[in-house]
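Content type mmCIF, C-alpha atoms, pLDDT in the B column; chains and numbers go by the auth columns, from the file entry-v9.cif:
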data_coords
loop_
_atom_site.group_PDB
_atom_site.id
_atom_site.type_symbol
_atom_site.label_atom_id
_atom_site.label_comp_id
_atom_site.label_asym_id
_atom_site.label_seq_id
_atom_site.Cartn_x
_atom_site.Cartn_y
_atom_site.Cartn_z
_atom_site.B_iso_or_equiv
_atom_site.auth_seq_id
_atom_site.auth_asym_id
ATOM 1 C CA MET A 1 49.543 -50.935 22.355 72.00 94 A
ATOM 2 C CA LEU A 2 50.957 -47.560 21.261 76.00 95 A
ATOM 3 C CA LYS A 3 53.774 -49.348 19.452 86.00 96 A
ATOM 4 C CA ASN A 4 51.318 -50.787 16.929 90.00 97 A
ATOM 5 C CA LYS A 5 51.359 -48.651 13.780 92.00 98 A
ATOM 6 C CA HIS A 6 47.786 -49.579 12.861 92.00 99 A
ATOM 7 C CA ILE A 7 46.347 -48.273 16.149 91.00 100 A
ATOM 8 C CA ILE A 8 48.296 -45.023 15.883 91.00 101 A
ATOM 9 C CA ALA A 9 47.100 -44.523 12.294 93.00 102 A
ATOM 10 C CA ALA A 10 43.491 -45.244 13.349 93.00 103 A
ATOM 11 C CA MET A 11 43.728 -42.747 16.221 92.00 104 A
ATOM 12 C CA LEU A 12 44.884 -40.044 13.807 93.00 105 A
ATOM 13 C CA VAL A 13 42.463 -40.815 10.969 96.00 106 A
ATOM 14 C CA ALA A 14 39.239 -41.454 12.992 96.00 107 A
ATOM 15 C CA PRO A 15 38.670 -37.833 14.139 96.00 108 A
ATOM 16 C CA ILE A 16 39.288 -36.530 10.621 96.00 109 A
ATOM 17 C CA LEU A 17 36.796 -39.023 9.149 96.00 110 A
ATOM 18 C CA ALA A 18 34.244 -38.101 11.826 96.00 111 A
ATOM 19 C CA ILE A 19 34.460 -34.398 10.943 96.00 112 A
ATOM 20 C CA ILE A 20 34.163 -35.140 7.215 96.00 113 A
ATOM 21 C CA ALA A 21 31.135 -37.388 7.875 96.00 114 A
ATOM 22 C CA TYR A 22 29.467 -34.705 10.039 96.00 115 A
ATOM 23 C CA PHE A 23 29.666 -32.044 7.336 95.00 116 A
ATOM 24 C CA GLY A 24 28.848 -34.545 4.563 94.00 117 A
ATOM 25 C CA VAL A 25 25.619 -35.651 6.254 94.00 118 A
ATOM 26 C CA ASP A 26 24.644 -32.035 6.924 92.00 119 A
ATOM 27 C CA LEU A 27 25.208 -31.147 3.275 90.00 120 A
ATOM 28 C CA ALA A 28 23.246 -34.168 2.020 91.00 121 A
ATOM 29 C CA VAL A 29 20.271 -34.001 4.413 92.00 122 A
ATOM 30 C CA SER A 30 19.736 -30.339 5.336 86.00 123 A
ATOM 31 C CA GLU A 31 17.008 -28.253 3.734 79.00 124 A
ATOM 32 C CA LYS A 32 18.268 -25.931 1.049 78.00 125 A
ATOM 33 C CA PRO A 33 17.306 -22.255 1.503 73.00 126 A
ATOM 34 C CA HIS A 34 15.108 -20.798 -1.203 73.00 127 A
ATOM 35 C CA ALA A 35 13.900 -17.323 -2.067 76.00 128 A
ATOM 36 C CA ALA A 36 10.419 -16.224 -1.039 77.00 129 A
ATOM 37 C CA LYS A 37 7.842 -16.668 -3.788 81.00 130 A
ATOM 38 C CA GLU A 38 5.230 -14.033 -4.571 84.00 131 A
ATOM 39 C CA GLY A 39 1.766 -14.907 -3.369 83.00 132 A
ATOM 40 C CA GLU A 40 3.040 -17.231 -0.622 86.00 133 A
ATOM 41 C CA SER A 41 3.037 -16.644 3.140 89.00 134 A
ATOM 42 C CA TYR A 42 5.913 -17.376 5.503 90.00 135 A
ATOM 43 C CA LYS A 43 6.105 -17.670 9.284 92.00 136 A
ATOM 44 C CA LEU A 44 8.427 -15.386 11.226 92.00 137 A
ATOM 45 C CA VAL A 45 10.239 -16.882 14.197 91.00 138 A
ATOM 46 C CA ALA A 46 10.555 -14.862 17.401 90.00 139 A
ATOM 47 C CA SER A 47 14.089 -14.556 18.765 89.00 140 A
ATOM 48 C CA SER A 48 14.983 -15.171 22.395 88.00 141 A
ATOM 49 C CA ASN A 49 14.910 -11.438 23.223 86.00 142 A
ATOM 50 C CA CYS A 50 11.096 -11.569 22.832 84.00 143 A
ATOM 51 C CA ARG A 51 10.755 -13.702 25.970 85.00 144 A
ATOM 52 C CA TYR A 52 12.330 -11.162 28.322 83.00 145 A
ATOM 53 C CA THR A 53 11.759 -7.551 29.368 83.00 146 A
ATOM 54 C CA SER A 54 14.248 -6.295 26.799 82.00 147 A
ATOM 55 C CA GLY A 55 12.181 -3.608 25.057 84.00 148 A
ATOM 56 C CA ILE A 56 13.000 -5.169 21.657 89.00 149 A
ATOM 57 C CA CYS A 57 11.646 -8.242 19.872 90.00 150 A
ATOM 58 C CA THR A 58 13.232 -9.590 16.690 92.00 151 A
ATOM 59 C CA LEU A 59 11.195 -11.683 14.257 92.00 152 A
ATOM 60 C CA GLU A 60 12.935 -13.303 11.309 90.00 153 A
ATOM 61 C CA ASN A 61 12.735 -15.809 8.492 89.00 154 A
ATOM 62 C CA GLY A 62 15.993 -16.201 6.590 84.00 155 A
ATOM 63 C CA ASP A 63 17.162 -12.773 5.430 86.00 156 A
ATOM 64 C CA PHE A 64 13.794 -11.129 6.194 89.00 157 A
ATOM 65 C CA LYS A 65 14.085 -9.511 9.624 92.00 158 A
ATOM 66 C CA LEU A 66 11.724 -7.276 11.624 93.00 159 A
ATOM 67 C CA LYS A 67 12.338 -5.518 14.934 93.00 160 A
ATOM 68 C CA LEU A 68 9.527 -4.527 17.261 91.00 161 A
ATOM 69 C CA ARG A 69 10.560 -1.853 19.739 89.00 162 A
ATOM 70 C CA SER A 70 8.516 -0.694 22.696 85.00 163 A
ATOM 71 C CA GLU A 71 8.645 3.083 22.461 84.00 164 A
ATOM 72 C CA GLN A 72 6.301 3.932 25.328 80.00 165 A
ATOM 73 C CA LEU A 73 4.428 1.797 27.855 80.00 166 A
ATOM 74 C CA THR A 74 1.896 3.314 30.244 80.00 167 A
ATOM 75 C CA GLU A 75 -0.895 1.752 32.279 80.00 168 A
ATOM 76 C CA ASN A 76 -3.347 2.222 29.390 82.00 169 A
ATOM 77 C CA ALA A 77 -1.328 2.308 26.172 84.00 170 A
ATOM 78 C CA LEU A 78 1.626 0.767 24.391 85.00 171 A
ATOM 79 C CA VAL A 79 3.396 2.441 21.471 88.00 172 A
ATOM 80 C CA ILE A 80 5.280 0.014 19.243 89.00 173 A
ATOM 81 C CA LYS A 81 7.729 0.864 16.477 91.00 174 A
ATOM 82 C CA LEU A 82 8.353 -1.684 13.705 91.00 175 A
ATOM 83 C CA VAL A 83 11.661 -1.480 11.824 92.00 176 A
ATOM 84 C CA SER A 84 12.219 -3.606 8.728 91.00 177 A
ATOM 85 C CA ASP A 85 15.284 -4.251 6.601 88.00 178 A
ATOM 86 C CA PHE A 86 13.038 -4.280 3.510 89.00 179 A
ATOM 87 C CA PRO A 87 10.298 -1.823 2.433 91.00 180 A
ATOM 88 C CA LEU A 88 6.847 -3.031 3.449 91.00 181 A
ATOM 89 C CA ASP A 89 3.565 -2.455 1.606 91.00 182 A
ATOM 90 C CA GLY A 90 1.483 -2.854 4.756 91.00 183 A
ATOM 91 C CA ALA A 91 1.529 -4.033 8.364 92.00 184 A
ATOM 92 C CA LYS A 92 -1.212 -5.144 10.755 93.00 185 A
ATOM 93 C CA ILE A 93 -0.782 -5.945 14.424 91.00 186 A
ATOM 94 C CA SER A 94 -3.021 -7.116 17.247 90.00 187 A
ATOM 95 C CA LEU A 95 -2.630 -7.649 20.964 87.00 188 A
ATOM 96 C CA VAL A 96 -4.249 -10.861 22.194 87.00 189 A
ATOM 97 C CA GLN A 97 -4.931 -10.493 25.928 81.00 190 A
ATOM 98 C CA GLN A 98 -6.441 -13.915 26.695 73.00 191 A
ATOM 99 C CA GLU A 99 -5.640 -17.270 25.158 71.00 192 A
ATOM 100 C CA GLY A 100 -8.325 -18.437 22.761 63.00 193 A
ATOM 101 C CA LYS A 101 -9.740 -14.955 22.158 69.00 194 A
ATOM 102 C CA SER A 102 -8.758 -13.167 18.990 69.00 195 A
ATOM 103 C CA ALA A 103 -8.244 -9.426 18.785 76.00 196 A
ATOM 104 C CA THR A 104 -9.063 -7.125 15.898 82.00 197 A
ATOM 105 C CA PRO A 105 -5.961 -6.349 13.821 86.00 198 A
ATOM 106 C CA ILE A 106 -4.945 -2.689 13.680 87.00 199 A
ATOM 107 C CA ASP A 107 -3.239 -1.103 10.671 89.00 200 A
ATOM 108 C CA MET A 108 0.184 0.297 11.447 88.00 201 A
ATOM 109 C CA SER A 109 1.130 3.780 10.212 88.00 202 A
ATOM 110 C CA VAL A 110 4.209 4.299 8.081 87.00 203 A
ATOM 111 C CA THR A 111 6.565 7.061 9.251 84.00 204 A
ATOM 112 C CA GLN A 112 9.161 7.244 6.472 78.00 205 A
ATOM 113 C CA GLU A 113 8.966 7.392 2.686 84.00 206 A
ATOM 114 C CA ASP A 114 11.113 4.279 2.332 87.00 207 A
ATOM 115 C CA LYS A 115 8.384 2.307 4.189 88.00 208 A
ATOM 116 C CA LYS A 116 10.839 0.697 6.624 89.00 209 A
ATOM 117 C CA GLU A 117 9.501 2.233 9.884 91.00 210 A
ATOM 118 C CA TRP A 118 5.952 1.795 11.153 91.00 211 A
ATOM 119 C CA PHE A 119 4.182 2.876 14.383 90.00 212 A
ATOM 120 C CA VAL A 120 1.041 1.795 16.208 89.00 213 A
ATOM 121 C CA ASP A 121 -0.758 2.580 19.468 88.00 214 A
ATOM 122 C CA LEU A 122 -2.104 -0.498 21.236 86.00 215 A
ATOM 123 C CA PRO A 123 -3.819 -1.018 24.568 84.00 216 A
ATOM 124 C CA ALA A 124 -1.377 -1.988 27.306 82.00 217 A
ATOM 125 C CA PRO A 125 -0.932 -5.720 27.961 82.00 218 A
ATOM 126 C CA THR A 126 -2.945 -6.785 31.005 80.00 219 A
ATOM 127 C CA THR A 127 -1.591 -10.291 31.594 80.00 220 A
ATOM 128 C CA ALA A 128 1.758 -12.018 31.367 78.00 221 A
ATOM 129 C CA GLU A 129 0.273 -14.351 28.729 82.00 222 A
ATOM 130 C CA SER A 130 -0.563 -11.483 26.329 85.00 223 A
ATOM 131 C CA GLU A 131 0.726 -12.001 22.801 87.00 224 A
ATOM 132 C CA ILE A 132 1.383 -9.767 19.833 88.00 225 A
ATOM 133 C CA HIS A 133 0.328 -11.097 16.431 91.00 226 A
ATOM 134 C CA LEU A 134 1.830 -9.423 13.378 92.00 227 A
ATOM 135 C CA VAL A 135 1.276 -9.661 9.599 93.00 228 A
ATOM 136 C CA VAL A 136 3.321 -7.683 7.091 93.00 229 A
ATOM 137 C CA LYS A 137 3.225 -7.522 3.317 92.00 230 A
ATOM 138 C CA ALA A 138 6.373 -7.078 1.250 90.00 231 A
ATOM 139 C CA GLY A 139 5.616 -7.116 -2.459 86.00 232 A
ATOM 140 C CA GLU A 140 3.065 -9.875 -2.929 88.00 233 A
ATOM 141 C CA THR A 141 4.504 -11.961 -0.078 91.00 234 A
ATOM 142 C CA LEU A 142 2.981 -12.156 3.406 93.00 235 A
ATOM 143 C CA TYR A 143 4.986 -12.726 6.570 93.00 236 A
ATOM 144 C CA TYR A 144 3.263 -13.506 9.867 94.00 237 A
ATOM 145 C CA GLY A 145 4.413 -14.163 13.391 92.00 238 A
ATOM 146 C CA GLU A 146 3.577 -13.977 17.039 91.00 239 A
ATOM 147 C CA ALA A 147 5.550 -13.079 20.121 89.00 240 A
ATOM 148 C CA PRO A 148 4.882 -12.729 23.836 87.00 241 A
ATOM 149 C CA ALA A 149 4.110 -9.143 24.839 84.00 242 A
ATOM 150 C CA ILE A 150 6.434 -9.358 27.855 79.00 243 A
ATOM 151 C CA PHE A 151 9.221 -7.681 25.815 80.00 244 A
ATOM 152 C CA ALA A 152 7.236 -4.411 25.780 75.00 245 A
ATOM 153 C CA GLU A 153 8.368 -3.580 29.308 75.00 246 A
ATOM 154 C CA TYR A 154 12.025 -2.555 29.371 69.00 247 A
ATOM 155 C CA LYS A 155 13.328 -3.592 32.748 65.00 248 A
ATOM 156 C CA THR A 156 16.901 -4.107 33.940 60.00 249 A
ATOM 157 C CA LEU A 157 18.599 -4.071 37.302 57.00 250 A
ATOM 158 C CA PHE A 158 19.460 -0.406 36.685 58.00 251 A
ATOM 159 C CA THR A 159 15.852 0.656 35.965 55.00 252 A
ATOM 160 C CA GLU A 160 14.233 -1.027 38.956 57.00 253 A
ATOM 161 C CA ASP A 161 13.463 1.157 41.972 55.00 254 A
ATOM 162 C CA LYS A 162 15.377 0.001 45.029 48.00 255 A
#
Whole structure given in structure tokens:
Amino acid sequence: MLKNKHIIAAMLVAPILAIIAYFGVDLAVSEKPHAAKEGESYKLVASSNCRYTSGICTLENGDFKLKLRSEQLTENALVIKLVSDFPLDGAKISLVQQEGKSATPIDMSVTQEDKKEWFVDLPAPTTAESEIHLVVKAGETLYYGEAPAIFAEYKTLFTEDK
């Protein structure tokens, strides 16, 4: 069978054609990225670090990226710092403690003149199902997202009491 020139040629050409077809279909079918339009709103997607006790939660949509960092967590309060790659015109955040119940959004306070760092004091999360809902305004564009509040507690094997 390996003495047949046609089979050998097919074995060499088939993987190359498969790779070309894979990239060709991706190019033809995939959604093309587009710039954010003023007056529109876009959803931010929570990264995987939001699901764990990492102390940091990253929300992003394309090039627009926000980082929520738990600065201080006590039994009664949670201090969150928001860091953006782009200057923001405003930011509101709320902590939803129970599913189905909405919380009142709280305005975040800007800390730098370039409007890239924001702080807020929230009540401490009481359940493992608590969520943080966030809305930011950059120019005339709104970005919104939600993430589990579990990230607010920074816990590793080194920080646990043994």
Check your understanding: Which neighbours of region 207-222 of chain A fall inside 9 Å, counting all atoms listed in the file, when residues of the same chain fewer than 4 positions from it are skipped, and could you give them as JSON, numbers by chain?
Key -> {"A": [166, 167, 168, 169, 170, 171, 172, 173, 174, 175, 176, 177, 178, 179, 180, 181, 182, 183, 184, 186, 187, 188, 189, 190, 191, 192, 199, 200, 201, 202, 203, 241, 242, 243, 245]}
Point to revise | Interatomic distance (Å, one decimal) between CA of Val229 (chain A) and CA of Ala196 (chain A) | key: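 Separation between CA of Val229 (chain A) and CA of Ala196 (chain A): 16.5 Å.
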Can you check which parts of region 135-234 of chain A lie within 12 Å of region 120-126 of chain A? Per residue, the shortest pair of atoms and distance in Å to one decimal, counting all atoms listed in the file, sorted by chain and number, as a Markdown table.
| residue | atom | partner | partner_atom | distance |
| --- | --- | --- | --- | --- |
| A:Asn154 | CA | A:Pro126 | CA | 10.5 |
| A:Gly155 | CA | A:Pro126 | CA | 8.0 |
| A:Asp156 | CA | A:Pro126 | CA | 10.3 |
Exercise for review: Using the chain letters and numbering of this document, enumerate as number ranges by chain the residues selected by the PyMOL selection byres ((chain A and resi 228) around 7).
Suggested key: A: 184-186, 227, 229-230, 235-238
File of the preceding selection, C-alpha atoms, as a compact mmCIF listing (two decimals), in the coordinates of the input:
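So the final result, stored in again09.txt, reads:
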# COMPACT_ATOMS: atom_id res chain seq x y z
CA ALA A 184 1.53 -4.03 8.36
CA LYS A 185 -1.21 -5.14 10.76
CA ILE A 186 -0.78 -5.94 14.42
CA LEU A 227 1.83 -9.42 13.38
CA VAL A 229 3.32 -7.68 7.09
CA LYS A 230 3.22 -7.52 3.32
CA LEU A 235 2.98 -12.16 3.41
CA TYR A 236 4.99 -12.73 6.57
CA TYR A 237 3.26 -13.51 9.87
CA GLY A 238 4.41 -14.16 13.39
**Study point:** Result set, the PyMOL selection byres ((chain A and resi 129) around 12) on current file, as a ChimeraX atom specification
**Key:** /A:126-128,130-136,154-157,231-236
Could you take the residues named above and write them with C-alpha atoms, as a tab-separated table (two decimals), in the frame of the given file?
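Once written, again.tsv looks like this:
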chain	number	residue	atom	x	y	z
A	126	PRO	CA	17.31	-22.26	1.50
A	127	HIS	CA	15.11	-20.80	-1.20
A	128	ALA	CA	13.90	-17.32	-2.07
A	130	LYS	CA	7.84	-16.67	-3.79
A	131	GLU	CA	5.23	-14.03	-4.57
A	132	GLY	CA	1.77	-14.91	-3.37
A	133	GLU	CA	3.04	-17.23	-0.62
A	134	SER	CA	3.04	-16.64	3.14
A	135	TYR	CA	5.91	-17.38	5.50
A	136	LYS	CA	6.10	-17.67	9.28
A	154	ASN	CA	12.74	-15.81	8.49
A	155	GLY	CA	15.99	-16.20	6.59
A	156	ASP	CA	17.16	-12.77	5.43
A	157	PHE	CA	13.79	-11.13	6.19
A	231	ALA	CA	6.37	-7.08	1.25
A	232	GLY	CA	5.62	-7.12	-2.46
A	233	GLU	CA	3.06	-9.88	-2.93
A	234	THR	CA	4.50	-11.96	-0.08
A	235	LEU	CA	2.98	-12.16	3.41
A	236	TYR	CA	4.99	-12.73	6.57
Exercise for review: Identify the residues around (14.2, -1.5, 24.6) within a radius of 7 Å, measuring from all atoms listed in the file in the coordinates stated by the file, and give them as a list of chain:residue names.
Suggested key: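 Protein, DNA and RNA residues close to (14.2, -1.5, 24.6): A:Ser147, A:Gly148, A:Ile149, A:Arg162, A:Ser163, A:Tyr247.
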Keeping C-alpha atoms for every residue in the selection just given, could you write it to a file as a compact mmCIF listing (two decimals), in the frame of the given file?
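Final output, saved to result_8.txt:
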# COMPACT_ATOMS: atom_id res chain seq x y z
CA SER A 147 14.25 -6.30 26.80
CA GLY A 148 12.18 -3.61 25.06
CA ILE A 149 13.00 -5.17 21.66
CA ARG A 162 10.56 -1.85 19.74
CA SER A 163 8.52 -0.69 22.70
CA TYR A 247 12.02 -2.56 29.37
Practice item. Tell me, as a ChimeraX atom specification, which residues lie within 7 Å of Glu239 (chain A), counting all atoms listed in the file; anything in the same chain fewer than 3 positions away does not count. Key: /A:224-227
Can you spit out the residues from that selection as an mmCIF file, keeping the file's coordinate frame, using C-alpha atoms?
data_model
loop_
_atom_site.group_PDB
_atom_site.id
_atom_site.type_symbol
_atom_site.label_atom_id
_atom_site.label_comp_id
_atom_site.auth_asym_id
_atom_site.auth_seq_id
_atom_site.Cartn_x
_atom_site.Cartn_y
_atom_site.Cartn_z
ATOM 1 C CA GLU A 224 0.726 -12.001 22.801
ATOM 2 C CA ILE A 225 1.383 -9.767 19.833
ATOM 3 C CA HIS A 226 0.328 -11.097 16.431
ATOM 4 C CA LEU A 227 1.830 -9.423 13.378
#
Exercise for review: Give me, please, the distance in Å between CA of Ala139 (chain A) and CA of Val118 (chain A), quoted to one decimal.
Suggested key: 28.0 Å
Practice item. Kindly give the distance, in Å, that separates CA of Lys158 (chain A) and CA of Ala240 (chain A), rounded to a single decimal. Key: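 Answer for the CA of Lys158 (chain A) to CA of Ala240 (chain A) separation: 14.0 Å.
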Complete region 126-142 of chain A with N, CA, C and O atoms (output as a short mmCIF file (atom, residue, chain, number, x, y, z; two decimals), in the coordinates of the input).
data_model
loop_
_atom_site.label_atom_id
_atom_site.label_comp_id
_atom_site.auth_asym_id
_atom_site.auth_seq_id
_atom_site.Cartn_x
_atom_site.Cartn_y
_atom_site.Cartn_z
N PRO A 126 18.06 -23.50 1.45
CA PRO A 126 17.31 -22.26 1.50
C PRO A 126 16.82 -21.87 0.10
O PRO A 126 17.49 -22.15 -0.89
N HIS A 127 15.65 -21.25 0.07
CA HIS A 127 15.11 -20.80 -1.20
C HIS A 127 14.50 -19.41 -1.02
O HIS A 127 14.10 -19.03 0.07
N ALA A 128 14.43 -18.68 -2.11
CA ALA A 128 13.90 -17.32 -2.07
C ALA A 128 12.38 -17.36 -1.88
O ALA A 128 11.71 -18.31 -2.30
N ALA A 129 11.86 -16.33 -1.24
CA ALA A 129 10.42 -16.22 -1.04
C ALA A 129 9.73 -16.05 -2.38
O ALA A 129 10.20 -15.32 -3.25
N LYS A 130 8.61 -16.74 -2.55
CA LYS A 130 7.84 -16.67 -3.79
C LYS A 130 6.67 -15.72 -3.60
O LYS A 130 6.03 -15.71 -2.54
N GLU A 131 6.36 -14.96 -4.64
CA GLU A 131 5.23 -14.03 -4.57
C GLU A 131 3.94 -14.81 -4.42
O GLU A 131 3.76 -15.87 -5.03
N GLY A 132 3.06 -14.27 -3.60
CA GLY A 132 1.77 -14.91 -3.37
C GLY A 132 1.78 -15.94 -2.25
O GLY A 132 0.74 -16.43 -1.84
N GLU A 133 2.92 -16.27 -1.72
CA GLU A 133 3.04 -17.23 -0.62
C GLU A 133 3.09 -16.49 0.71
O GLU A 133 3.31 -15.29 0.77
N SER A 134 2.90 -17.23 1.80
CA SER A 134 3.04 -16.64 3.14
C SER A 134 4.06 -17.46 3.92
O SER A 134 4.15 -18.68 3.77
N TYR A 135 4.82 -16.77 4.76
CA TYR A 135 5.91 -17.38 5.50
C TYR A 135 5.84 -16.97 6.96
O TYR A 135 5.53 -15.83 7.28
N LYS A 136 6.15 -17.92 7.84
CA LYS A 136 6.10 -17.67 9.28
C LYS A 136 7.41 -17.03 9.74
O LYS A 136 8.49 -17.43 9.32
N LEU A 137 7.28 -16.04 10.60
CA LEU A 137 8.43 -15.39 11.23
C LEU A 137 8.66 -16.03 12.58
O LEU A 137 7.71 -16.28 13.33
N VAL A 138 9.88 -16.26 12.93
CA VAL A 138 10.24 -16.88 14.20
C VAL A 138 10.71 -15.81 15.17
O VAL A 138 11.55 -14.97 14.82
N ALA A 139 10.17 -15.83 16.37
CA ALA A 139 10.56 -14.86 17.40
C ALA A 139 11.90 -15.26 18.01
O ALA A 139 12.10 -16.42 18.37
N SER A 140 12.78 -14.30 18.14
CA SER A 140 14.09 -14.56 18.76
C SER A 140 13.94 -14.64 20.28
O SER A 140 12.90 -14.32 20.84
N SER A 141 15.03 -15.00 20.94
CA SER A 141 14.98 -15.17 22.40
C SER A 141 14.76 -13.85 23.13
O SER A 141 14.24 -13.86 24.24
N ASN A 142 15.11 -12.71 22.52
CA ASN A 142 14.91 -11.44 23.22
C ASN A 142 13.43 -11.09 23.38
O ASN A 142 13.09 -10.20 24.13
#
